[in-house]
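Heads up, model_28.tsv below (TSV, C-alpha atoms):
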```
chain	number	residue	atom	x	y	z
A	1	PRO	CA	11.91	-5.16	-31.11
A	2	VAL	CA	11.21	-8.79	-32.05
A	3	ALA	CA	14.89	-9.67	-31.78
A	4	ALA	CA	15.12	-8.02	-28.37
A	5	SER	CA	12.09	-9.96	-27.16
A	6	SER	CA	13.44	-13.29	-28.43
A	7	SER	CA	16.89	-12.79	-26.93
A	8	GLY	CA	15.50	-11.89	-23.52
A	9	PRO	CA	15.30	-8.66	-21.52
A	10	VAL	CA	18.26	-6.32	-21.48
A	11	PRO	CA	19.51	-5.89	-17.89
A	12	MET	CA	19.43	-2.39	-16.49
A	13	GLN	CA	22.40	-0.70	-14.92
A	14	ALA	CA	22.55	-0.96	-11.15
A	15	ASN	CA	22.48	2.79	-10.45
A	16	SER	CA	20.38	3.94	-13.41
A	17	ALA	CA	17.40	6.21	-12.87
A	18	ARG	CA	15.15	3.80	-14.75
A	19	ARG	CA	16.02	0.97	-12.38
A	20	ARG	CA	15.32	3.15	-9.34
A	21	VAL	CA	11.93	4.13	-10.75
A	22	PHE	CA	11.12	0.48	-11.44
A	23	VAL	CA	12.11	-0.57	-7.91
A	24	ALA	CA	10.15	2.31	-6.31
A	25	LEU	CA	7.01	1.50	-8.31
A	26	PHE	CA	7.23	-2.18	-7.48
A	27	ARG	CA	7.70	-1.43	-3.78
A	28	MET	CA	4.72	0.94	-3.85
A	29	HIS	CA	2.67	-1.82	-5.47
A	30	LEU	CA	3.54	-4.20	-2.62
A	31	LEU	CA	2.71	-1.65	0.09
A	32	LEU	CA	-0.61	-0.66	-1.47
A	33	THR	CA	-1.59	-4.29	-2.00
A	34	VAL	CA	-0.97	-5.12	1.66
A	35	TYR	CA	-2.89	-2.01	2.74
A	36	THR	CA	-5.80	-3.01	0.51
A	37	VAL	CA	-6.07	-6.41	2.21
A	38	CYS	CA	-5.82	-4.87	5.70
A	39	ALA	CA	-8.38	-2.13	4.95
A	40	GLU	CA	-10.98	-4.41	3.37
A	41	LEU	CA	-10.69	-7.01	6.14
A	42	THR	CA	-11.00	-4.21	8.70
A	43	ALA	CA	-14.19	-3.02	7.00
A	44	VAL	CA	-15.66	-6.53	7.18
A	45	LEU	CA	-14.69	-6.97	10.85
A	46	VAL	CA	-16.00	-3.57	11.98
A	47	CYS	CA	-19.21	-4.05	10.00
A	48	SER	CA	-19.88	-7.37	11.72
A	49	THR	CA	-19.19	-5.75	15.10
A	50	ALA	CA	-21.65	-2.93	14.37
A	51	HIS	CA	-24.26	-5.46	13.26
A	52	ALA	CA	-23.92	-7.28	16.59
A	53	GLN	CA	-24.27	-4.00	18.51
A	54	ILE	CA	-27.44	-3.06	16.63
A	55	LEU	CA	-28.98	-6.47	17.31
A	56	ASP	CA	-28.29	-5.97	21.01
A	57	LEU	CA	-30.36	-2.77	21.21
A	58	GLY	CA	-33.65	-2.85	23.09
A	59	ARG	CA	-37.05	-1.81	21.78
A	60	GLU	CA	-37.14	1.38	23.85
A	61	GLU	CA	-33.94	2.58	22.15
A	62	LEU	CA	-35.17	1.79	18.64
A	63	VAL	CA	-38.35	3.84	18.76
A	64	LEU	CA	-36.49	7.05	19.55
A	65	GLU	CA	-34.80	7.33	16.14
A	66	PRO	CA	-36.72	8.40	13.01
A	67	THR	CA	-34.51	6.57	10.48
A	68	ALA	CA	-32.11	3.63	10.44
A	69	LEU	CA	-29.19	5.92	9.57
A	70	ASP	CA	-29.92	8.10	12.61
A	71	LEU	CA	-29.94	4.93	14.69
A	72	ILE	CA	-26.54	3.89	13.34
A	73	ILE	CA	-25.03	7.35	13.82
A	74	ARG	CA	-26.24	7.51	17.42
A	75	HIS	CA	-25.18	4.05	18.59
A	76	CYS	CA	-22.44	3.02	16.14
A	77	GLU	CA	-20.97	6.25	14.80
A	78	PHE	CA	-17.36	5.12	15.07
A	79	GLU	CA	-18.10	1.84	13.33
A	80	TYR	CA	-19.99	3.68	10.58
A	81	VAL	CA	-17.19	6.12	9.75
A	82	ALA	CA	-14.52	3.41	10.17
A	83	VAL	CA	-16.24	1.18	7.60
A	84	ARG	CA	-16.63	4.07	5.17
A	85	ILE	CA	-12.98	5.09	5.50
A	86	ALA	CA	-11.57	1.55	5.38
A	87	PHE	CA	-13.66	0.39	2.43
A	88	SER	CA	-13.17	3.49	0.28
A	89	SER	CA	-9.44	3.81	1.04
A	90	GLY	CA	-8.98	0.11	0.30
A	91	LEU	CA	-10.52	0.55	-3.14
A	92	VAL	CA	-8.36	3.60	-3.84
A	93	ALA	CA	-5.24	1.75	-2.68
A	94	PHE	CA	-6.10	-1.19	-4.92
A	95	LEU	CA	-6.38	1.06	-7.98
A	96	PHE	CA	-3.17	2.92	-7.22
A	97	GLY	CA	-1.35	-0.34	-6.54
A	98	LEU	CA	-2.53	-1.73	-9.85
A	99	ALA	CA	-1.45	1.48	-11.59
A	100	CYS	CA	2.02	1.26	-10.02
A	101	ARG	CA	2.39	-2.35	-11.10
A	102	LEU	CA	1.35	-1.56	-14.66
A	103	ALA	CA	3.63	1.48	-14.83
A	104	ALA	CA	6.56	-0.57	-13.55
A	105	THR	CA	5.90	-3.43	-15.95
A	106	LEU	CA	5.04	-1.47	-19.09
A	107	GLY	CA	6.96	1.76	-18.61
A	108	ALA	CA	10.01	1.18	-16.42
A	109	ALA	CA	10.79	-2.51	-16.85
A	110	PRO	CA	13.99	-3.70	-18.61
A	111	ARG	CA	13.95	-3.47	-22.39
A	112	GLY	CA	12.66	-6.64	-23.98
A	113	SER	CA	10.70	-7.81	-20.92
A	114	THR	CA	7.30	-7.16	-22.52
A	115	ASN	CA	5.80	-9.19	-25.35
A	116	THR	CA	6.42	-6.40	-27.83
A	117	GLY	CA	9.93	-5.72	-26.53
A	118	GLU	CA	9.19	-1.99	-26.18
A	119	ARG	CA	8.17	0.47	-23.48
A	120	GLU	CA	4.39	0.88	-23.70
A	121	LEU	CA	4.24	4.54	-22.68
A	122	MET	CA	1.06	5.24	-24.64
A	123	ILE	CA	-0.74	2.38	-22.94
A	124	CYS	CA	0.47	3.72	-19.58
A	125	LEU	CA	-1.01	7.10	-20.46
A	126	VAL	CA	-4.37	5.57	-21.46
A	127	LEU	CA	-4.49	3.47	-18.29
A	128	GLY	CA	-3.64	6.53	-16.21
A	129	LEU	CA	-6.54	8.44	-17.75
A	130	MET	CA	-8.85	5.49	-17.08
A	131	PHE	CA	-7.82	5.41	-13.42
A	132	THR	CA	-8.26	9.18	-13.14
A	133	SER	CA	-11.76	8.99	-14.61
A	134	THR	CA	-12.71	6.16	-12.27
A	135	MET	CA	-11.38	7.98	-9.20
A	136	ALA	CA	-13.14	11.21	-10.10
A	137	TRP	CA	-16.44	9.37	-10.63
A	138	TRP	CA	-16.09	7.50	-7.35
A	139	THR	CA	-15.41	10.75	-5.50
A	140	HIS	CA	-18.48	12.35	-7.06
A	141	LEU	CA	-20.74	9.44	-6.10
A	142	TYR	CA	-19.25	9.18	-2.63
A	143	ASN	CA	-19.84	12.86	-1.87
A	144	GLU	CA	-23.34	12.85	-3.36
A	145	GLU	CA	-24.33	9.75	-1.40
A	146	MET	CA	-23.28	11.19	1.94
A	147	ALA	CA	-26.44	11.92	3.91
A	148	SER	CA	-25.11	12.59	7.42
A	149	PHE	CA	-21.80	14.28	6.45
A	150	PRO	CA	-21.23	17.11	3.94
A	151	GLY	CA	-18.25	15.42	2.30
A	152	THR	CA	-15.49	12.86	2.49
A	153	SER	CA	-13.16	15.17	4.38
A	154	ARG	CA	-15.66	15.54	7.22
A	155	VAL	CA	-15.89	11.76	7.50
A	156	PHE	CA	-12.11	11.50	7.87
A	157	VAL	CA	-12.00	14.30	10.47
A	158	ARG	CA	-14.78	12.63	12.45
A	159	PHE	CA	-12.98	9.29	12.24
A	160	VAL	CA	-9.77	10.79	13.64
A	161	THR	CA	-11.71	12.50	16.44
A	162	LEU	CA	-13.46	9.30	17.49
A	163	LEU	CA	-10.26	7.29	17.19
A	164	LEU	CA	-8.42	9.64	19.54
A	165	ARG	CA	-11.25	9.30	22.03
A	166	ARG	CA	-10.91	5.53	21.96
A	167	ARG	CA	-7.18	5.84	22.56
A	168	LYS	CA	-7.89	7.10	26.08
A	169	HIS	CA	-9.76	3.91	27.01
A	170	SER	CA	-7.76	1.22	25.20
A	171	SER	CA	-4.04	0.50	24.99
A	172	TRP	CA	-4.62	-1.51	21.79
A	173	ALA	CA	-5.98	1.59	20.08
A	174	THR	CA	-2.83	3.45	21.11
A	175	ILE	CA	-0.63	0.69	19.69
A	176	SER	CA	-2.62	0.78	16.44
A	177	ILE	CA	-2.25	4.55	16.09
A	178	ILE	CA	1.49	4.54	16.84
A	179	SER	CA	2.15	1.64	14.47
A	180	GLY	CA	0.17	3.29	11.67
A	181	LEU	CA	1.98	6.60	12.10
A	182	ALA	CA	5.36	4.83	12.16
A	183	ALA	CA	4.50	2.97	8.96
A	184	ALA	CA	3.45	6.21	7.26
A	185	ILE	CA	6.68	7.96	8.34
A	186	LEU	CA	8.94	5.11	7.20
A	187	MET	CA	7.13	4.56	3.89
A	188	PRO	CA	9.01	7.23	1.86
A	189	TRP	CA	12.37	5.92	3.06
A	190	ALA	CA	11.34	2.34	2.24
A	191	LEU	CA	10.41	3.39	-1.29
A	192	VAL	CA	13.59	5.27	-2.20
A	193	SER	CA	16.21	3.42	-0.15
A	194	HIS	CA	18.98	1.98	-2.30
A	195	ARG	CA	21.70	-0.50	-1.40
A	196	PRO	CA	24.90	-0.49	-3.47
A	197	SER	CA	25.13	-3.40	-5.85
A	198	ARG	CA	28.06	-5.80	-6.17
A	199	GLU	CA	29.20	-4.07	-9.34
A	200	SER	CA	29.46	-0.66	-7.65
A	201	VAL	CA	31.24	-2.17	-4.66
A	202	SER	CA	33.75	-3.94	-6.91
A	203	GLU	CA	34.50	-0.68	-8.70
A	204	SER	CA	35.38	1.00	-5.40
A	205	GLY	CA	37.94	-1.72	-4.65
A	206	SER	CA	36.49	-3.23	-1.47
A	207	LEU	CA	35.08	-6.38	-3.05
A	208	PRO	CA	38.33	-7.52	-4.76
A	209	ARG	CA	40.16	-7.29	-1.44
A	210	LEU	CA	37.48	-9.42	0.16
A	211	GLU	CA	37.65	-11.94	-2.65
A	212	SER	CA	41.44	-12.07	-2.47
A	213	GLY	CA	41.25	-12.65	1.26
A	214	LYS	CA	38.81	-15.47	0.69
A	215	SER	CA	41.02	-16.98	-2.01
A	216	GLU	CA	44.08	-16.85	0.25
A	217	ALA	CA	42.15	-18.52	3.05
A	218	SER	CA	40.89	-21.20	0.69
A	219	MET	CA	44.41	-21.77	-0.68
A	220	GLY	CA	45.76	-22.11	2.81
A	221	SER	CA	43.11	-24.62	3.83
A	222	CYS	CA	43.61	-26.54	0.59
A	223	SER	CA	47.39	-26.76	1.06
A	224	ALA	CA	46.90	-27.88	4.63
A	225	VAL	CA	44.69	-30.75	3.50
A	226	SER	CA	46.71	-31.82	0.45
A	227	PRO	CA	50.15	-30.16	0.26
A	228	ASP	CA	51.22	-32.17	-2.80
A	229	LYS	CA	48.22	-31.22	-4.92
A	230	SER	CA	47.44	-27.81	-6.35
A	231	CYS	CA	43.96	-26.34	-5.74
```
Final structure tokens representation of the file:
Amino acid sequence: PVAASSSGPVPMQANSARRRVFVALFRMHLLLTVYTVCAELTAVLVCSTAHAQILDLGREELVLEPTALDLIIRHCEFEYVAVRIAFSSGLVAFLFGLACRLAATLGAAPRGSTNTGERELMICLVLGLMFTSTMAWWTHLYNEEMASFPGTSRVFVRFVTLLLRRRKHSSWATISIISGLAAAILMPWALVSHRPSRESVSESGSLPRLESGKSEASMGSCSAVSPDKSC
């Protein structure tokens, strides 16, 4: 293992299953990281919008609600469920993205790329159990803390219902929904898509013909410039 680490990582075969797993995990890490940023920034933006709406309420509207949560649900229900969905899903995406990056680096990376020069499968298992424990505990706390909804699933259903209502009054909401659905549909294809490498193309015989054509063209141009000298 020490010799493998000192001599550098061993390159993986272009069409090997290990390479495809590594590429899929790394792509998933990128997608989840971008979603985390978008979700958390959305939560901040919607929360500031709800705060401005609450400050704009008059005194006669405030005295009608027994609690602050009832006030928020009545006047800013969409903002409330949107913040809950965006913030919680952003945290989940961040953990899963981190797990994918660790699995790709420690479990599916080329041999010799880690400091020990070995695949750290046991560490991947321990980290997976840590993530599972954290997710289960978060789900428990999130469901127990819900006062106006019986569970997380009801929050998501209510969010979809309110979002579809907003689609009827705003073209931007329609664009957001269509773009999100298109991204979700194309995500599996983006994760598993594979382009043939140069080695596989050369084995099929198409690349040598291309290279020979290029060499003939270069020889012709070279002879045209200097016919007495060989290229």
- Message: With distances taken over only C-alpha atoms, which residue among A:Ala82, A:His75, A:Ala24, A:Ala17 lies nearest Val44 (chain A)?
- Response: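 Ranked by minimum distance to Val44 (chain A), first place goes to A:Ala82.
Proximity to Ala190 (chain A) was assessed for A:Thr105, A:Leu64, A:Arg18, A:Arg27 counting all atoms listed in the file; the smallest distance is recorded for A:Arg27.
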- Smallest atom-to-atom distance to Leu186 (chain A): which of A:Cys76, A:Val37, A:Leu31, A:Leu25, using all atoms listed in the file?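 Of the candidates, the smallest distance to Leu186 (chain A) is held by A:Leu31.
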- Nearest to Thr36 (chain A): which of A:Ile123, A:Ala52, A:Leu98, A:Ile72 is it, counting all atoms listed in the file? A:Leu98
- Hey, can you check how far CA of Leu181 (chain A) sits from CA of Val83 (chain A)?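 Going from CA of Leu181 (chain A) over to CA of Val83 (chain A), I get 19.5 Å.
Here CA of Ala50 (chain A) is placed at a distance of 11.8 Å from CA of Arg74 (chain A).
Taking CA of Ser48 (chain A) and CA of Arg158 (chain A) as endpoints, the distance between them is 20.7 Å.
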